[in-house]
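One file, model_0.pdb, is given below (PDB, C-alpha atoms).
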MODEL        1
ATOM      1  CA  MET R   5     -53.421 -68.128 -74.270  1.00  0.00           C
ATOM      2  CA  THR R   6     -50.161 -66.198 -74.165  1.00  0.00           C
ATOM      3  CA  ILE R   7     -50.010 -62.498 -73.320  1.00  0.00           C
ATOM      4  CA  MET R   8     -47.209 -61.024 -75.376  1.00  0.00           C
ATOM      5  CA  ASN R   9     -44.894 -58.265 -74.194  1.00  0.00           C
ATOM      6  CA  ASP R  10     -42.936 -58.291 -77.446  1.00  0.00           C
ATOM      7  CA  LEU R  11     -45.260 -56.675 -79.981  1.00  0.00           C
ATOM      8  CA  LYS R  12     -43.475 -58.025 -83.055  1.00  0.00           C
ATOM      9  CA  PHE R  13     -44.210 -61.191 -84.945  1.00  0.00           C
ATOM     10  CA  ASP R  14     -43.840 -62.358 -88.539  1.00  0.00           C
ATOM     11  CA  ARG R  15     -46.096 -60.137 -90.654  1.00  0.00           C
ATOM     12  CA  THR R  16     -45.445 -62.264 -93.759  1.00  0.00           C
ATOM     13  CA  VAL R  17     -47.590 -65.050 -92.279  1.00  0.00           C
ATOM     14  CA  SER R  18     -50.156 -62.740 -90.652  1.00  0.00           C
ATOM     15  CA  ALA R  19     -53.513 -61.330 -91.779  1.00  0.00           C
ATOM     16  CA  ALA R  20     -55.735 -58.876 -89.919  1.00  0.00           C
ATOM     17  CA  PHE R  21     -59.497 -58.503 -89.794  1.00  0.00           C
ATOM     18  CA  THR R  22     -61.516 -55.316 -89.942  1.00  0.00           C
ATOM     19  CA  GLY R  23     -65.231 -54.848 -90.220  1.00  0.00           C
ATOM     20  CA  HIS R  24     -68.277 -53.004 -89.099  1.00  0.00           C
ATOM     21  CA  ARG R  25     -69.716 -53.586 -85.662  1.00  0.00           C
ATOM     22  CA  PHE R  26     -73.226 -53.609 -87.052  1.00  0.00           C
ATOM     23  CA  TYR R  27     -74.382 -55.604 -90.052  1.00  0.00           C
ATOM     24  CA  ASP R  28     -77.622 -57.024 -91.403  1.00  0.00           C
ATOM     25  CA  PHE R  29     -78.154 -59.990 -89.096  1.00  0.00           C
ATOM     26  CA  SER R  30     -80.230 -61.751 -91.754  1.00  0.00           C
ATOM     27  CA  GLN R  31     -76.962 -61.946 -93.754  1.00  0.00           C
ATOM     28  CA  ARG R  32     -75.002 -63.587 -90.905  1.00  0.00           C
ATOM     29  CA  GLU R  33     -74.651 -67.027 -92.542  1.00  0.00           C
ATOM     30  CA  PHE R  34     -73.654 -65.487 -95.874  1.00  0.00           C
ATOM     31  CA  ILE R  35     -71.039 -63.297 -94.157  1.00  0.00           C
ATOM     32  CA  GLN R  36     -69.706 -66.298 -92.238  1.00  0.00           C
ATOM     33  CA  GLU R  37     -69.361 -68.267 -95.474  1.00  0.00           C
ATOM     34  CA  ARG R  38     -67.513 -65.399 -97.149  1.00  0.00           C
ATOM     35  CA  LEU R  39     -65.215 -64.929 -94.130  1.00  0.00           C
ATOM     36  CA  THR R  40     -64.494 -68.666 -93.993  1.00  0.00           C
ATOM     37  CA  SER R  41     -63.559 -68.621 -97.686  1.00  0.00           C
ATOM     38  CA  ALA R  42     -61.318 -65.576 -97.168  1.00  0.00           C
ATOM     39  CA  ILE R  43     -59.569 -67.209 -94.191  1.00  0.00           C
ATOM     40  CA  SER R  44     -59.020 -70.394 -96.221  1.00  0.00           C
ATOM     41  CA  GLU R  45     -57.728 -68.396 -99.195  1.00  0.00           C
ATOM     42  CA  ALA R  46     -55.259 -66.522 -96.983  1.00  0.00           C
ATOM     43  CA  TYR R  47     -54.209 -69.821 -95.399  1.00  0.00           C
ATOM     44  CA  ASP R  48     -53.575 -71.248 -98.877  1.00  0.00           C
ATOM     45  CA  HIS R  49     -51.250 -68.256 -99.462  1.00  0.00           C
ATOM     46  CA  GLY R  50     -49.199 -69.101 -96.361  1.00  0.00           C
ATOM     47  CA  ILE R  51     -51.018 -67.078 -93.707  1.00  0.00           C
ATOM     48  CA  ARG R  52     -51.029 -68.843 -90.350  1.00  0.00           C
ATOM     49  CA  ASN R  53     -51.604 -66.020 -87.855  1.00  0.00           C
ATOM     50  CA  PHE R  54     -54.866 -64.070 -87.894  1.00  0.00           C
ATOM     51  CA  ILE R  55     -55.146 -60.827 -85.907  1.00  0.00           C
ATOM     52  CA  SER R  56     -58.478 -59.626 -84.577  1.00  0.00           C
ATOM     53  CA  GLY R  57     -59.223 -56.435 -82.687  1.00  0.00           C
ATOM     54  CA  PHE R  58     -61.982 -58.341 -80.860  1.00  0.00           C
ATOM     55  CA  ALA R  59     -64.537 -55.573 -81.283  1.00  0.00           C
ATOM     56  CA  LEU R  60     -68.186 -56.516 -81.363  1.00  0.00           C
ATOM     57  CA  GLY R  61     -69.498 -57.478 -84.778  1.00  0.00           C
ATOM     58  CA  ILE R  62     -67.301 -58.733 -87.599  1.00  0.00           C
ATOM     59  CA  ASP R  63     -64.097 -58.862 -85.490  1.00  0.00           C
ATOM     60  CA  LEU R  64     -65.601 -61.355 -83.061  1.00  0.00           C
ATOM     61  CA  MET R  65     -67.306 -63.319 -85.834  1.00  0.00           C
ATOM     62  CA  ALA R  66     -63.972 -63.680 -87.645  1.00  0.00           C
ATOM     63  CA  ALA R  67     -62.191 -64.693 -84.423  1.00  0.00           C
ATOM     64  CA  GLN R  68     -64.773 -67.396 -83.761  1.00  0.00           C
ATOM     65  CA  LEU R  69     -64.411 -68.681 -87.322  1.00  0.00           C
ATOM     66  CA  VAL R  70     -60.615 -68.932 -87.025  1.00  0.00           C
ATOM     67  CA  GLN R  71     -61.085 -70.927 -83.839  1.00  0.00           C
ATOM     68  CA  SER R  72     -63.608 -73.231 -85.556  1.00  0.00           C
ATOM     69  CA  LEU R  73     -61.209 -73.885 -88.461  1.00  0.00           C
ATOM     70  CA  LYS R  74     -58.309 -75.097 -86.326  1.00  0.00           C
ATOM     71  CA  CYS R  75     -59.105 -78.768 -86.953  1.00  0.00           C
ATOM     72  CA  ASN R  76     -59.094 -78.280 -90.730  1.00  0.00           C
ATOM     73  CA  LEU R  77     -56.215 -75.805 -91.050  1.00  0.00           C
ATOM     74  CA  PRO R  78     -53.136 -77.082 -89.165  1.00  0.00           C
ATOM     75  CA  GLY R  79     -50.944 -74.421 -87.594  1.00  0.00           C
ATOM     76  CA  ILE R  80     -53.546 -71.645 -87.717  1.00  0.00           C
ATOM     77  CA  SER R  81     -53.487 -69.257 -84.763  1.00  0.00           C
ATOM     78  CA  LEU R  82     -55.453 -66.281 -83.525  1.00  0.00           C
ATOM     79  CA  THR R  83     -53.936 -63.141 -82.017  1.00  0.00           C
ATOM     80  CA  ALA R  84     -56.089 -60.667 -80.094  1.00  0.00           C
ATOM     81  CA  ALA R  85     -54.964 -57.038 -80.482  1.00  0.00           C
ATOM     82  CA  ILE R  86     -56.532 -55.313 -77.482  1.00  0.00           C
ATOM     83  CA  PRO R  87     -56.261 -51.490 -77.538  1.00  0.00           C
ATOM     84  CA  PHE R  88     -56.021 -50.969 -73.768  1.00  0.00           C
ATOM     85  CA  GLU R  89     -55.971 -52.961 -70.551  1.00  0.00           C
ATOM     86  CA  GLY R  90     -59.515 -53.712 -69.456  1.00  0.00           C
ATOM     87  CA  GLN R  91     -61.146 -52.940 -72.827  1.00  0.00           C
ATOM     88  CA  ALA R  92     -62.482 -56.431 -73.243  1.00  0.00           C
ATOM     89  CA  GLU R  93     -63.554 -57.007 -69.641  1.00  0.00           C
ATOM     90  CA  ARG R  94     -67.120 -56.407 -70.789  1.00  0.00           C
ATOM     91  CA  TYR R  95     -66.984 -59.536 -72.939  1.00  0.00           C
ATOM     92  CA  ASN R  96     -63.648 -61.065 -72.145  1.00  0.00           C
ATOM     93  CA  ILE R  97     -64.101 -63.693 -74.853  1.00  0.00           C
ATOM     94  CA  TYR R  98     -60.514 -63.346 -76.076  1.00  0.00           C
ATOM     95  CA  ASP R  99     -59.502 -65.423 -73.046  1.00  0.00           C
ATOM     96  CA  LYS R 100     -61.354 -68.346 -74.607  1.00  0.00           C
ATOM     97  CA  LEU R 101     -60.558 -67.814 -78.290  1.00  0.00           C
ATOM     98  CA  ALA R 102     -57.131 -66.238 -78.720  1.00  0.00           C
ATOM     99  CA  ASP R 103     -53.838 -68.103 -78.778  1.00  0.00           C
ATOM    100  CA  LYS R 104     -51.948 -64.857 -78.125  1.00  0.00           C
ATOM    101  CA  VAL R 105     -53.107 -61.584 -76.632  1.00  0.00           C
ATOM    102  CA  ILE R 106     -51.380 -58.269 -77.246  1.00  0.00           C
ATOM    103  CA  VAL R 107     -52.491 -55.407 -75.008  1.00  0.00           C
ATOM    104  CA  LEU R 108     -51.260 -52.201 -76.612  1.00  0.00           C
ATOM    105  CA  SER R 109     -51.726 -49.731 -73.740  1.00  0.00           C
ATOM    106  CA  ASP R 110     -52.157 -49.786 -69.981  1.00  0.00           C
ATOM    107  CA  CYS R 111     -55.068 -47.367 -70.175  1.00  0.00           C
ATOM    108  CA  TYR R 112     -57.652 -45.845 -72.484  1.00  0.00           C
ATOM    109  CA  TYR R 113     -56.783 -42.716 -74.499  1.00  0.00           C
ATOM    110  CA  PRO R 114     -58.792 -41.044 -77.296  1.00  0.00           C
ATOM    111  CA  SER R 115     -57.024 -42.594 -80.298  1.00  0.00           C
ATOM    112  CA  CYS R 116     -56.322 -46.041 -78.818  1.00  0.00           C
ATOM    113  CA  PHE R 117     -58.727 -47.851 -81.172  1.00  0.00           C
ATOM    114  CA  LEU R 118     -57.167 -46.241 -84.255  1.00  0.00           C
ATOM    115  CA  ASP R 119     -53.709 -47.073 -82.889  1.00  0.00           C
ATOM    116  CA  ARG R 120     -54.857 -50.686 -82.522  1.00  0.00           C
ATOM    117  CA  ASP R 121     -56.015 -50.640 -86.154  1.00  0.00           C
ATOM    118  CA  GLU R 122     -52.667 -49.159 -87.202  1.00  0.00           C
ATOM    119  CA  PHE R 123     -50.843 -51.909 -85.277  1.00  0.00           C
ATOM    120  CA  MET R 124     -52.847 -54.583 -87.079  1.00  0.00           C
ATOM    121  CA  VAL R 125     -52.093 -53.105 -90.522  1.00  0.00           C
ATOM    122  CA  GLU R 126     -48.390 -52.734 -89.711  1.00  0.00           C
ATOM    123  CA  ASN R 127     -48.198 -56.378 -88.682  1.00  0.00           C
ATOM    124  CA  ALA R 128     -50.177 -58.024 -91.483  1.00  0.00           C
ATOM    125  CA  SER R 129     -49.534 -58.905 -95.101  1.00  0.00           C
ATOM    126  CA  TYR R 130     -53.262 -59.359 -95.863  1.00  0.00           C
ATOM    127  CA  LEU R 131     -56.371 -57.556 -94.673  1.00  0.00           C
ATOM    128  CA  ILE R 132     -59.688 -59.386 -94.565  1.00  0.00           C
ATOM    129  CA  ALA R 133     -62.433 -56.770 -94.429  1.00  0.00           C
ATOM    130  CA  TYR R 134     -66.177 -56.440 -94.234  1.00  0.00           C
ATOM    131  CA  TYR R 135     -66.311 -52.915 -95.625  1.00  0.00           C
ATOM    132  CA  ASP R 136     -69.355 -51.253 -97.190  1.00  0.00           C
ATOM    133  CA  GLY R 137     -67.567 -48.188 -98.587  1.00  0.00           C
ATOM    134  CA  ARG R 138     -68.533 -45.648 -95.885  1.00  0.00           C
ATOM    135  CA  GLU R 139     -65.815 -43.012 -95.587  1.00  0.00           C
ATOM    136  CA  LYS R 140     -65.782 -42.792 -91.801  1.00  0.00           C
ATOM    137  CA  GLY R 141     -65.032 -44.999 -88.827  1.00  0.00           C
ATOM    138  CA  GLY R 142     -62.420 -47.536 -87.852  1.00  0.00           C
ATOM    139  CA  THR R 143     -63.051 -49.919 -90.742  1.00  0.00           C
ATOM    140  CA  TYR R 144     -62.602 -47.086 -93.249  1.00  0.00           C
ATOM    141  CA  TYR R 145     -59.406 -46.003 -91.459  1.00  0.00           C
ATOM    142  CA  THR R 146     -57.999 -49.527 -91.492  1.00  0.00           C
ATOM    143  CA  VAL R 147     -58.827 -50.186 -95.153  1.00  0.00           C
ATOM    144  CA  LYS R 148     -57.341 -46.810 -96.121  1.00  0.00           C
ATOM    145  CA  LYS R 149     -54.121 -47.576 -94.214  1.00  0.00           C
ATOM    146  CA  ALA R 150     -53.840 -51.023 -95.813  1.00  0.00           C
ATOM    147  CA  ARG R 151     -54.339 -49.544 -99.306  1.00  0.00           C
ATOM    148  CA  ALA R 152     -51.647 -46.931 -98.624  1.00  0.00           C
ATOM    149  CA  ARG R 153     -49.221 -49.704 -97.629  1.00  0.00           C
ATOM    150  CA  GLY R 154     -50.089 -51.818-100.676  1.00  0.00           C
ATOM    151  CA  ILE R 155     -51.507 -54.640 -98.545  1.00  0.00           C
ATOM    152  CA  PRO R 156     -53.906 -56.926-100.438  1.00  0.00           C
ATOM    153  CA  ILE R 157     -57.488 -56.579 -99.174  1.00  0.00           C
ATOM    154  CA  ILE R 158     -60.065 -59.333 -99.367  1.00  0.00           C
ATOM    155  CA  ASN R 159     -63.406 -57.550 -98.927  1.00  0.00           C
ATOM    156  CA  VAL R 160     -66.224 -59.969 -98.054  1.00  0.00           C
ATOM    157  CA  TYR R 161     -68.958 -57.315 -98.089  1.00  0.00           C
TER     158      TYR R 161
ENDMDL
END
Represent the supplied structure as structure tokens.
Amino acid sequence: MTIMNDLKFDRTVSAAFTGHRFYDFSQREFIQERLTSAISEAYDHGIRNFISGFALGIDLMAAQLVQSLKCNLPGISLTAAIPFEGQAERYNIYDKLADKVIVLSDCYYPSCFLDRDEFMVENASYLIAYYDGREKGGTYYTVKKARARGIPIINVY
């Protein structure tokens, strides 16, 4: 794992994940299959770096899937976009999964999660989403930002 101080990397080969923290657990395998297909499709279009915000739910599921695909998809990497120092101490799984970690702030502040989402959209050329159409929350914000930037969205919902 590398902790990056330089927050820039090649967005043309990067995709970001966004998705709801809570989902119908009985659909877990179906969601995993859809996410795996979306990751493979993005990979086939030249994406090699996948950015996850490492929030509970879809973010972590997607991160684990990227890690599990490394044997089949050469050159694939996972970047953790952590909104503030200490945010993931509760479940510091990014230490085990991520190839690179970007910590965006030294401390928590009210809009740090939205700023993390903004960072992911600004640094990706694809967005892989699990979005049910609700017009509130971080997933809505991220999808809306990606649409405004003309970024292709693969919605696995």
message = Considering only C-alpha atoms, can you say which of R:Ala150, R:Ala59, R:Leu101, R:Ile106 comes closest to Ser129 in chain R?
response =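 Closest candidate: R:Ala150.
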Atom pair CA of Asp119 in chain R / CA of Ile80 in chain R: separation (Å) =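 We find that CA of Asp119 in chain R and CA of Ile80 in chain R lie 25.0 Å from each other.
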ask   = Which value, in Å to one decimal, gives the distance between CA of Asp48 in chain R and CA of Arg120 in chain R?
value =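 Answer for the CA of Asp48 in chain R to CA of Arg120 in chain R separation: 26.3 Å.
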request  = Report the residues retrieved by the PyMOL selection byres ((chain R and resi 14) around 9) from the displayed file, expressed as a PyMOL selection string.
outcome  = chain R and resi 12-13+15-18+53+127-128
Would you mind exporting C-alpha atoms of the selected residues as a PDB file, in the coordinates of the input?
ATOM      1  CA  LYS R  12     -43.475 -58.025 -83.055  1.00  0.00           C
ATOM      2  CA  PHE R  13     -44.210 -61.191 -84.945  1.00  0.00           C
ATOM      3  CA  ARG R  15     -46.096 -60.137 -90.654  1.00  0.00           C
ATOM      4  CA  THR R  16     -45.445 -62.264 -93.759  1.00  0.00           C
ATOM      5  CA  VAL R  17     -47.590 -65.050 -92.279  1.00  0.00           C
ATOM      6  CA  SER R  18     -50.156 -62.740 -90.652  1.00  0.00           C
ATOM      7  CA  ASN R  53     -51.604 -66.020 -87.855  1.00  0.00           C
ATOM      8  CA  ASN R 127     -48.198 -56.378 -88.682  1.00  0.00           C
ATOM      9  CA  ALA R 128     -50.177 -58.024 -91.483  1.00  0.00           C
TER      10      ALA R 128
END
inquiry  = Which residues would end up in the selection if the PyMOL selection byres ((chain R and resi 72) around 12) were applied here, given that I need the answer as a PyMOL selection string?
reply    = chain R and resi 36+40+43-44+65-71+73-78+80-82+101-102
Once the PyMOL selection byres ((chain R and resi 38) around 12) is applied to the coordinates I shared, what remains selected? I want it as a PDB file with C-alpha atoms, in the frame of the given file.
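Output below, filename selection_23.pdb:
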ATOM      1  CA  GLN R  31     -76.962 -61.946 -93.754  1.00  0.00           C
ATOM      2  CA  ARG R  32     -75.002 -63.587 -90.905  1.00  0.00           C
ATOM      3  CA  GLU R  33     -74.651 -67.027 -92.542  1.00  0.00           C
ATOM      4  CA  PHE R  34     -73.654 -65.487 -95.874  1.00  0.00           C
ATOM      5  CA  ILE R  35     -71.039 -63.297 -94.157  1.00  0.00           C
ATOM      6  CA  GLN R  36     -69.706 -66.298 -92.238  1.00  0.00           C
ATOM      7  CA  GLU R  37     -69.361 -68.267 -95.474  1.00  0.00           C
ATOM      8  CA  LEU R  39     -65.215 -64.929 -94.130  1.00  0.00           C
ATOM      9  CA  THR R  40     -64.494 -68.666 -93.993  1.00  0.00           C
ATOM     10  CA  SER R  41     -63.559 -68.621 -97.686  1.00  0.00           C
ATOM     11  CA  ALA R  42     -61.318 -65.576 -97.168  1.00  0.00           C
ATOM     12  CA  ILE R  43     -59.569 -67.209 -94.191  1.00  0.00           C
ATOM     13  CA  SER R  44     -59.020 -70.394 -96.221  1.00  0.00           C
ATOM     14  CA  GLU R  45     -57.728 -68.396 -99.195  1.00  0.00           C
ATOM     15  CA  ILE R  62     -67.301 -58.733 -87.599  1.00  0.00           C
ATOM     16  CA  MET R  65     -67.306 -63.319 -85.834  1.00  0.00           C
ATOM     17  CA  ALA R  66     -63.972 -63.680 -87.645  1.00  0.00           C
ATOM     18  CA  LEU R  69     -64.411 -68.681 -87.322  1.00  0.00           C
ATOM     19  CA  ILE R 132     -59.688 -59.386 -94.565  1.00  0.00           C
ATOM     20  CA  ALA R 133     -62.433 -56.770 -94.429  1.00  0.00           C
ATOM     21  CA  TYR R 134     -66.177 -56.440 -94.234  1.00  0.00           C
ATOM     22  CA  ILE R 158     -60.065 -59.333 -99.367  1.00  0.00           C
ATOM     23  CA  ASN R 159     -63.406 -57.550 -98.927  1.00  0.00           C
ATOM     24  CA  VAL R 160     -66.224 -59.969 -98.054  1.00  0.00           C
ATOM     25  CA  TYR R 161     -68.958 -57.315 -98.089  1.00  0.00           C
TER      26      TYR R 161
END
key: Polymer residues at most 7 Å from Ala84 in chain R, all atoms listed in the file, same-chain spacing of 3 or more positions, as an MDAnalysis selection string   = chainID R and resid 55:58 98 102 104:106
key: Nearest residue to Asp28 in chain R from the set R:Arg151, R:Asp136, R:Asp110, R:Tyr130 (distances using all atoms listed in the file)   =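 For Asp28 in chain R, the nearest of the candidates is R:Asp136.
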task = State, in Å with one decimal place, the distance from CA of Val107 in chain R to CA of Glu139 in chain R.
result =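 Straight-line distance from CA of Val107 in chain R to CA of Glu139 in chain R works out to 27.5 Å.
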inquiry  = Given only C-alpha atoms as the basis, pick out the residue of R:Val125, R:Leu118, R:Val147, R:Leu60 nearest to Phe26 in chain R.
reply    =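 Smallest distance to Phe26 in chain R is found for R:Leu60.
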query = Given the choices R:Leu108, R:His24, R:Ala19, R:Gly90, which gets closest to Gly142 in chain R if the distance is worked out from all atoms listed in the file?
reply = R:His24
